[in-house]
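To keep things clear, I will list the structure first and then write my remarks on it.
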Amino acid sequence: MKTPREHFEENDQGQVFAFYDSLSDEEKVNLDQQAAEIDLNELDRLVDTLVRHPGGGNESIADSLEPADCIPLPRSGGHQALWEEATEKGEAALRAGRVAAFTVAGGQGTRLGYDGPKGTFGVTPVLQKSLFQVFAEKILASSRAYGKPIPWYILTSIINHEATVAFFEENEYFGLPSDKVHFFSQGLMPAVDDDGKILLSGRGQIALSPDGHGGALRALVRSGSIREMEADGIDVISYFQVDNPLVRCIDPAFIGFHLLHDSELSSKMVPKAYAEEKVGVFCQQGGKSLVVEYSDLPDRLAGETTDDGELRFRAGSIAIHIFSRSFVDRLGSGIDESAKLPFHLANKKVPFLDASGSLQEPTDPNAYKFEMFVFDALPFAKNPVIIETAREDDFSPVKNADGVDSPQTCRDDQLRQYARWAKAAGIDLATDETGLPGISFEVSPFFGDNEDRFAASWDALTHKPELTDGLVLV
Ligand code: UTP
């Protein structure tokens, strides 16, 4: 049996062990373990196809693209009765305890530049509740409404796992039963240089990074989460990202459409705001659904309009999905050779040890990372369903420190949502032409996490407070 060092040396990756002899016994074991996790055959294939021979027919792919079919909202011409039927179906599944929430929170959050797991970042307008608290309260509110606990699975990565778990412990799981909140770490991939050589970030440390949100599927299987769900009678997994506090973590209509169509993977779309908007687009090709990244959709298609002047490729992907448990099992376990998520390449700045053992901090991209994307599962799914959702009720991510998709735009979108609910409940509230109220206030998910529940709680108040700056409705 070969040692990891011999195996790496035989595969032209001996530089990983260049400082091995100077390591302590513990460091040696650690490096051996990191090395043993790396599939050098897979890496070699990726380097060959993505780094050495890049490029690959996006134009020809684009030639046969068609817009995907989507189920429109009633306000866009969809059938009200169909939405009601879907809502009932989803509610029945929730009452039967068939649904789990799933958040991917393993990313590095570099654009936000916040020091800590992104889920611990404060986002609400008055109390600055963290993203994790917002989701926890929404999940708890839904559990109470349907009379069944909703387990919550959270994907972390080695970078933030401990800090994430500690945050939940310090905050007593925000009222959720601790045995219903499950954390597990995603896989890692090594960064390589232009020649495909694996980089070291320390003498006994390989430069590893998370394998992308697509890694969530195999992590669900490897961690045993899928088996646990099966044992608990969960067959519906409601997937969302950690950066979007507006998301309806548990949406009965969405769950219902997924079940009514016997779908393996369902997705929400919002009509693109303008042709150049930087979101992936749901398309169809050869009878399969897929998401085409904005950078891969040729301008001529992105700008194409229908006779009524609407964008033809308009179904923007907002990273909200429902997976059937059996589909995750099939894809994540890798048993189906024909259904494997591809890796994508990202050219990034990665600090690395040079041959003399000094740490270099590059100012330009010097390395390649490999990531899987969760939406690449779509072409493998049976009966994929794509439903339209209202952007203002489901999507306002915190990606950047300022500008678009920042804490400020997200805070404003939360305020607009509260203001819409308040006005719909008959409250007199001044807003500007974008619907933004002049005051900052906050609505707890326990008071209402949608227009109807808000109205019911408001009507039930014997003493109705005046909506003033800093008010929190709990
Ligand atoms: P993003 O693509 O926005 O990446 O992730 P990011 O790492 O959070 O932020 P930047 O690009 O470094 O600024 C979208 C969602 O996917 C999760 C993130 O945590 C976020 O919820 N994600 C991303 C993972 O769980 N694992 C990954 O490897 C990458």
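Ordering of the structure tokens sets the chain letters (A, B, ...); residue numbers start at 1 within each chain; ligands are numbered from 1 in the order shown.
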For this session: Dump the neighbourhood of ligand 1 as JSON, numbers by chain: all residues within 9 Å, distances computed on only C-alpha atoms and all ligand atoms.
Result: {"A": [103, 104, 105, 106, 107, 108, 109, 110, 111, 112, 113, 117, 118, 119, 154, 155, 156, 157, 186, 187, 188, 209, 210, 211, 212, 213, 214, 215, 216, 240, 241, 242, 243, 244, 319, 371, 372, 373, 374, 397, 398, 399, 400]}
With N, CA and C atoms retained, could you export that selection as a short mmCIF file (atom, residue, chain, number, x, y, z; two decimals), in the first residue's frame?
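Dumped everything to again19.cif:
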data_model
loop_
_atom_site.label_atom_id
_atom_site.label_comp_id
_atom_site.auth_asym_id
_atom_site.auth_seq_id
_atom_site.Cartn_x
_atom_site.Cartn_y
_atom_site.Cartn_z
N THR A 103 -30.40 25.08 4.17
CA THR A 103 -29.70 26.32 3.84
C THR A 103 -28.25 26.02 3.48
N VAL A 104 -27.81 26.54 2.35
CA VAL A 104 -26.38 26.41 2.02
C VAL A 104 -25.65 27.63 2.56
N ALA A 105 -24.73 27.39 3.48
CA ALA A 105 -24.02 28.48 4.14
C ALA A 105 -22.53 28.18 4.23
N GLY A 106 -22.03 27.50 3.21
CA GLY A 106 -20.62 27.11 3.24
C GLY A 106 -19.71 28.06 2.50
N GLY A 107 -20.29 29.10 1.89
CA GLY A 107 -19.49 30.00 1.04
C GLY A 107 -18.56 30.88 1.85
N GLN A 108 -17.69 31.59 1.14
CA GLN A 108 -16.68 32.40 1.82
C GLN A 108 -17.13 33.85 2.01
N GLY A 109 -18.18 34.25 1.28
CA GLY A 109 -18.73 35.60 1.45
C GLY A 109 -17.70 36.71 1.25
N THR A 110 -16.82 36.51 0.30
CA THR A 110 -15.72 37.49 0.14
C THR A 110 -16.23 38.88 -0.27
N ARG A 111 -17.28 38.92 -1.09
CA ARG A 111 -17.72 40.24 -1.58
C ARG A 111 -18.27 41.10 -0.46
N LEU A 112 -18.92 40.50 0.52
CA LEU A 112 -19.47 41.28 1.63
C LEU A 112 -18.36 41.79 2.53
N GLY A 113 -17.27 41.05 2.60
CA GLY A 113 -16.12 41.49 3.40
C GLY A 113 -16.42 41.51 4.89
N PRO A 117 -19.11 33.95 9.81
CA PRO A 117 -20.03 33.27 8.89
C PRO A 117 -21.11 34.25 8.43
N LYS A 118 -21.44 34.22 7.15
CA LYS A 118 -22.38 35.21 6.62
C LYS A 118 -23.73 35.16 7.35
N GLY A 119 -24.12 33.97 7.76
CA GLY A 119 -25.41 33.83 8.44
C GLY A 119 -25.49 34.58 9.75
N ILE A 154 -28.23 22.63 7.74
CA ILE A 154 -27.40 23.79 7.38
C ILE A 154 -26.04 23.30 6.89
N LEU A 155 -25.73 23.66 5.65
CA LEU A 155 -24.43 23.29 5.08
C LEU A 155 -23.40 24.34 5.46
N THR A 156 -22.33 23.88 6.08
CA THR A 156 -21.23 24.78 6.43
C THR A 156 -20.00 24.33 5.65
N SER A 157 -18.87 24.97 5.90
CA SER A 157 -17.61 24.46 5.35
C SER A 157 -16.57 24.55 6.45
N GLN A 186 -19.34 20.78 3.99
CA GLN A 186 -19.25 20.36 2.60
C GLN A 186 -17.82 19.93 2.26
N GLY A 187 -17.67 19.35 1.08
CA GLY A 187 -16.37 18.88 0.63
C GLY A 187 -15.46 20.03 0.22
N LEU A 188 -14.17 19.67 0.05
CA LEU A 188 -13.17 20.67 -0.31
C LEU A 188 -12.46 20.26 -1.58
N SER A 209 -10.44 24.78 -0.76
CA SER A 209 -11.61 25.65 -0.59
C SER A 209 -12.89 24.84 -0.85
N PRO A 210 -14.04 25.37 -0.40
CA PRO A 210 -15.29 24.61 -0.54
C PRO A 210 -15.58 24.27 -2.00
N ASP A 211 -16.26 23.14 -2.21
CA ASP A 211 -16.45 22.66 -3.59
C ASP A 211 -17.70 23.24 -4.27
N GLY A 212 -18.17 24.40 -3.79
CA GLY A 212 -19.30 25.07 -4.44
C GLY A 212 -20.64 24.62 -3.87
N HIS A 213 -21.72 25.42 -4.13
CA HIS A 213 -23.00 25.01 -3.53
C HIS A 213 -23.51 23.69 -4.12
N GLY A 214 -23.02 23.34 -5.31
CA GLY A 214 -23.38 22.02 -5.86
C GLY A 214 -22.86 20.89 -5.00
N GLY A 215 -21.81 21.18 -4.20
CA GLY A 215 -21.27 20.17 -3.29
C GLY A 215 -22.26 19.80 -2.20
N ALA A 216 -23.32 20.62 -2.08
CA ALA A 216 -24.36 20.36 -1.07
C ALA A 216 -24.97 18.98 -1.26
N PHE A 240 -32.58 26.95 0.17
CA PHE A 240 -32.35 28.38 -0.07
C PHE A 240 -30.94 28.75 0.39
N GLN A 241 -30.52 29.94 -0.03
CA GLN A 241 -29.15 30.39 0.28
C GLN A 241 -29.14 31.25 1.53
N VAL A 242 -27.99 31.33 2.14
CA VAL A 242 -27.88 32.02 3.43
C VAL A 242 -27.99 33.54 3.30
N ASP A 243 -27.90 34.06 2.09
CA ASP A 243 -27.78 35.52 1.98
C ASP A 243 -29.09 36.24 1.67
N ASN A 244 -30.22 35.53 1.71
CA ASN A 244 -31.47 36.13 1.22
C ASN A 244 -32.58 36.10 2.28
N ALA A 319 -32.03 30.98 -7.12
CA ALA A 319 -31.43 30.00 -6.21
C ALA A 319 -32.37 29.55 -5.10
N GLU A 371 -15.45 24.39 -8.64
CA GLU A 371 -16.72 24.46 -7.90
C GLU A 371 -17.85 23.80 -8.68
N MET A 372 -18.76 23.18 -7.94
CA MET A 372 -19.99 22.68 -8.58
C MET A 372 -21.13 23.64 -8.26
N PHE A 373 -22.08 23.74 -9.18
CA PHE A 373 -23.23 24.63 -8.98
C PHE A 373 -24.49 23.78 -8.83
N VAL A 374 -25.32 24.16 -7.87
CA VAL A 374 -26.46 23.31 -7.56
C VAL A 374 -27.46 23.26 -8.72
N PRO A 397 -30.98 39.55 -1.96
CA PRO A 397 -29.79 38.99 -1.32
C PRO A 397 -28.79 40.05 -0.85
N VAL A 398 -28.03 39.68 0.16
CA VAL A 398 -26.92 40.53 0.62
C VAL A 398 -25.64 39.90 0.07
N LYS A 399 -25.13 40.50 -0.99
CA LYS A 399 -23.92 39.95 -1.62
C LYS A 399 -22.72 40.88 -1.43
N ASN A 400 -22.97 42.19 -1.63
CA ASN A 400 -21.87 43.16 -1.68
C ASN A 400 -21.92 44.09 -0.48
#
Close residues, region 321-332 of chain A itself excluded, 6 Å, only C-alpha atoms, min 2 positions apart in chain, as a PyMOL selection string = chain A and resi 217-218+221+235-239+264-267+334
Return as a PyMOL selection string the full set of residues in region 130-260 of chain A whose backbone-based DSSP assignment is alpha helix (DSSP H). chain A and resi 131-146+161-170+215-222+225-231+252-260
Please save N, CA and C atoms of the selected residues as a compact mmCIF listing (two decimals), in the first residue's frame.
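Wrote selection-v7.txt, looks like this:
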# COMPACT_ATOMS: atom_id res chain seq x y z
N LEU A 131 -29.06 36.90 9.73
CA LEU A 131 -29.72 36.08 8.71
C LEU A 131 -30.19 34.76 9.31
N PHE A 132 -29.34 34.10 10.11
CA PHE A 132 -29.74 32.83 10.70
C PHE A 132 -30.98 33.00 11.58
N GLN A 133 -31.04 34.09 12.35
CA GLN A 133 -32.21 34.28 13.22
C GLN A 133 -33.48 34.47 12.40
N VAL A 134 -33.37 35.23 11.32
CA VAL A 134 -34.54 35.45 10.47
C VAL A 134 -35.08 34.10 9.96
N PHE A 135 -34.17 33.26 9.44
CA PHE A 135 -34.62 31.96 8.91
C PHE A 135 -35.19 31.09 10.04
N ALA A 136 -34.48 31.10 11.18
CA ALA A 136 -34.93 30.26 12.31
C ALA A 136 -36.36 30.64 12.69
N GLU A 137 -36.63 31.94 12.76
CA GLU A 137 -37.96 32.38 13.19
C GLU A 137 -39.03 32.06 12.13
N LYS A 138 -38.63 32.17 10.86
CA LYS A 138 -39.60 31.82 9.81
C LYS A 138 -39.91 30.32 9.86
N ILE A 139 -38.88 29.53 10.07
CA ILE A 139 -39.09 28.07 10.12
C ILE A 139 -39.95 27.72 11.34
N LEU A 140 -39.65 28.35 12.47
CA LEU A 140 -40.42 28.09 13.68
C LEU A 140 -41.87 28.53 13.50
N ALA A 141 -42.07 29.68 12.88
CA ALA A 141 -43.44 30.17 12.65
C ALA A 141 -44.21 29.16 11.78
N SER A 142 -43.55 28.63 10.76
CA SER A 142 -44.23 27.64 9.90
C SER A 142 -44.49 26.34 10.66
N SER A 143 -43.52 25.92 11.49
CA SER A 143 -43.71 24.69 12.28
C SER A 143 -44.96 24.83 13.13
N ARG A 144 -45.08 26.01 13.76
CA ARG A 144 -46.25 26.23 14.63
C ARG A 144 -47.53 26.24 13.81
N ALA A 145 -47.49 26.89 12.65
CA ALA A 145 -48.70 27.00 11.83
C ALA A 145 -49.19 25.63 11.38
N TYR A 146 -48.26 24.70 11.12
CA TYR A 146 -48.69 23.40 10.57
C TYR A 146 -48.63 22.27 11.61
N HIS A 161 -17.55 26.26 10.02
CA HIS A 161 -18.39 25.28 10.72
C HIS A 161 -18.47 25.55 12.22
N GLU A 162 -17.30 25.65 12.85
CA GLU A 162 -17.30 25.80 14.32
C GLU A 162 -17.98 27.09 14.75
N ALA A 163 -17.67 28.18 14.04
CA ALA A 163 -18.25 29.48 14.41
C ALA A 163 -19.77 29.46 14.21
N THR A 164 -20.23 28.73 13.21
CA THR A 164 -21.68 28.65 12.95
C THR A 164 -22.38 27.90 14.09
N VAL A 165 -21.83 26.75 14.43
CA VAL A 165 -22.45 25.95 15.50
C VAL A 165 -22.43 26.75 16.81
N ALA A 166 -21.30 27.40 17.09
CA ALA A 166 -21.18 28.18 18.33
C ALA A 166 -22.23 29.30 18.37
N PHE A 167 -22.49 29.92 17.24
CA PHE A 167 -23.48 31.01 17.17
C PHE A 167 -24.87 30.50 17.54
N PHE A 168 -25.21 29.34 17.04
CA PHE A 168 -26.53 28.77 17.39
C PHE A 168 -26.59 28.40 18.87
N GLU A 169 -25.49 27.84 19.36
CA GLU A 169 -25.49 27.45 20.80
C GLU A 169 -25.64 28.69 21.67
N GLU A 170 -24.86 29.74 21.36
CA GLU A 170 -24.94 30.98 22.17
C GLU A 170 -26.34 31.56 22.15
N GLY A 215 -21.81 21.18 -4.20
CA GLY A 215 -21.27 20.17 -3.29
C GLY A 215 -22.26 19.80 -2.20
N ALA A 216 -23.32 20.62 -2.08
CA ALA A 216 -24.36 20.36 -1.07
C ALA A 216 -24.97 18.98 -1.26
N LEU A 217 -25.10 18.54 -2.51
CA LEU A 217 -25.82 17.29 -2.74
C LEU A 217 -25.01 16.11 -2.22
N ARG A 218 -23.71 16.07 -2.56
CA ARG A 218 -22.94 14.93 -2.05
C ARG A 218 -22.72 15.05 -0.55
N ALA A 219 -22.66 16.30 -0.04
CA ALA A 219 -22.49 16.47 1.41
C ALA A 219 -23.73 15.97 2.16
N LEU A 220 -24.91 16.17 1.58
CA LEU A 220 -26.14 15.66 2.22
C LEU A 220 -26.08 14.14 2.36
N VAL A 221 -25.51 13.51 1.34
CA VAL A 221 -25.43 12.05 1.38
C VAL A 221 -24.30 11.61 2.31
N ARG A 222 -23.09 12.17 2.11
CA ARG A 222 -21.92 11.73 2.89
C ARG A 222 -22.10 11.96 4.39
N SER A 225 -27.16 12.82 6.32
CA SER A 225 -28.39 13.61 6.49
C SER A 225 -29.55 13.00 5.71
N ILE A 226 -29.24 12.48 4.53
CA ILE A 226 -30.30 11.91 3.70
C ILE A 226 -30.94 10.70 4.37
N ARG A 227 -30.08 9.88 4.98
CA ARG A 227 -30.61 8.69 5.69
C ARG A 227 -31.47 9.12 6.88
N GLU A 228 -31.00 10.17 7.55
CA GLU A 228 -31.73 10.68 8.71
C GLU A 228 -33.11 11.20 8.26
N MET A 229 -33.13 11.90 7.13
CA MET A 229 -34.40 12.41 6.61
C MET A 229 -35.34 11.25 6.29
N GLU A 230 -34.77 10.22 5.67
CA GLU A 230 -35.58 9.06 5.30
C GLU A 230 -36.21 8.46 6.56
N ALA A 231 -35.39 8.32 7.60
CA ALA A 231 -35.90 7.72 8.85
C ALA A 231 -37.00 8.59 9.46
N PRO A 252 -45.85 26.88 1.00
CA PRO A 252 -46.77 25.76 0.70
C PRO A 252 -47.10 25.64 -0.79
N ALA A 253 -47.31 26.74 -1.48
CA ALA A 253 -47.68 26.63 -2.91
C ALA A 253 -46.54 26.00 -3.72
N PHE A 254 -45.32 26.43 -3.40
CA PHE A 254 -44.14 25.89 -4.10
C PHE A 254 -44.02 24.38 -3.85
N ILE A 255 -44.16 24.01 -2.57
CA ILE A 255 -44.10 22.59 -2.20
C ILE A 255 -45.21 21.82 -2.94
N GLY A 256 -46.38 22.44 -2.99
CA GLY A 256 -47.52 21.79 -3.62
C GLY A 256 -47.30 21.56 -5.11
N PHE A 257 -46.81 22.56 -5.83
CA PHE A 257 -46.54 22.37 -7.27
C PHE A 257 -45.53 21.24 -7.48
N HIS A 258 -44.51 21.24 -6.62
CA HIS A 258 -43.47 20.20 -6.71
C HIS A 258 -44.11 18.81 -6.58
N LEU A 259 -45.02 18.67 -5.61
CA LEU A 259 -45.63 17.36 -5.37
C LEU A 259 -46.67 17.02 -6.44
N LEU A 260 -47.46 18.01 -6.84
CA LEU A 260 -48.49 17.75 -7.85
C LEU A 260 -47.88 17.25 -9.16
Within region 6-238 of chain A, find each residue whose DSSP state, derived from the backbone, is strand (DSSP E or B), and express the selection as a VMD selection string. chain A and resid 66 to 67 71 99 to 104 122 130 152 to 156 181 to 185 188 to 190 192 198 200 to 202 205 to 206 208 to 210 236 to 238
For the residues in the current selection, export C-alpha atoms as a compact mmCIF listing (two decimals), in the first residue's frame.
# COMPACT_ATOMS: atom_id res chain seq x y z
CA GLU A 66 -35.27 27.75 -25.94
CA PRO A 67 -36.90 29.56 -23.00
CA ILE A 71 -46.01 28.36 -14.18
CA VAL A 99 -40.70 18.81 4.67
CA ALA A 100 -37.19 19.87 5.77
CA ALA A 101 -35.56 23.27 5.29
CA PHE A 102 -32.06 23.33 3.86
CA THR A 103 -29.70 26.32 3.84
CA VAL A 104 -26.38 26.41 2.02
CA GLY A 122 -27.23 41.43 11.03
CA SER A 130 -28.89 37.96 11.89
CA TRP A 152 -33.44 22.47 9.40
CA TYR A 153 -30.25 21.29 7.70
CA ILE A 154 -27.40 23.79 7.38
CA LEU A 155 -24.43 23.29 5.08
CA THR A 156 -21.23 24.78 6.43
CA VAL A 181 -31.09 21.74 13.63
CA HIS A 182 -28.39 19.79 11.82
CA PHE A 183 -25.03 21.14 10.68
CA PHE A 184 -22.67 19.39 8.31
CA SER A 185 -19.62 20.44 6.34
CA LEU A 188 -13.17 20.67 -0.31
CA MET A 189 -11.18 20.97 -3.51
CA PRO A 190 -7.53 21.95 -3.90
CA VAL A 192 -3.96 24.56 -8.56
CA ILE A 198 -1.68 21.71 -6.22
CA LEU A 200 0.17 24.75 -0.41
CA SER A 201 -1.11 27.47 1.93
CA GLY A 202 1.30 26.35 4.68
CA GLN A 205 -1.47 22.69 4.62
CA ILE A 206 -2.95 22.24 1.16
CA LEU A 208 -8.29 23.90 -0.06
CA SER A 209 -11.61 25.65 -0.59
CA PRO A 210 -15.29 24.61 -0.54
CA VAL A 236 -39.27 17.25 0.41
CA ILE A 237 -36.19 19.48 0.85
CA SER A 238 -36.74 23.24 0.68
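With distances restricted to only C-alpha atoms, A:Gly316 is the closest residue to Ile386 (chain A) from A:Pro407, A:Pro465, A:Gly204, A:Gly316.
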In terms of only C-alpha atoms, the residue from A:Glu433, A:Asp48, A:Glu9, A:Asp193 at minimal distance from Ala207 (chain A) is A:Asp193
Rank nothing, just name the residue among A:Gly438, A:Pro351, A:Pro245, A:Gly286 nearest to Thr124 (chain A), using only C-alpha atoms.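 Checking each of A:Gly438, A:Pro351, A:Pro245, A:Gly286 against Thr124 (chain A), counting only C-alpha atoms, the winner is A:Pro245.
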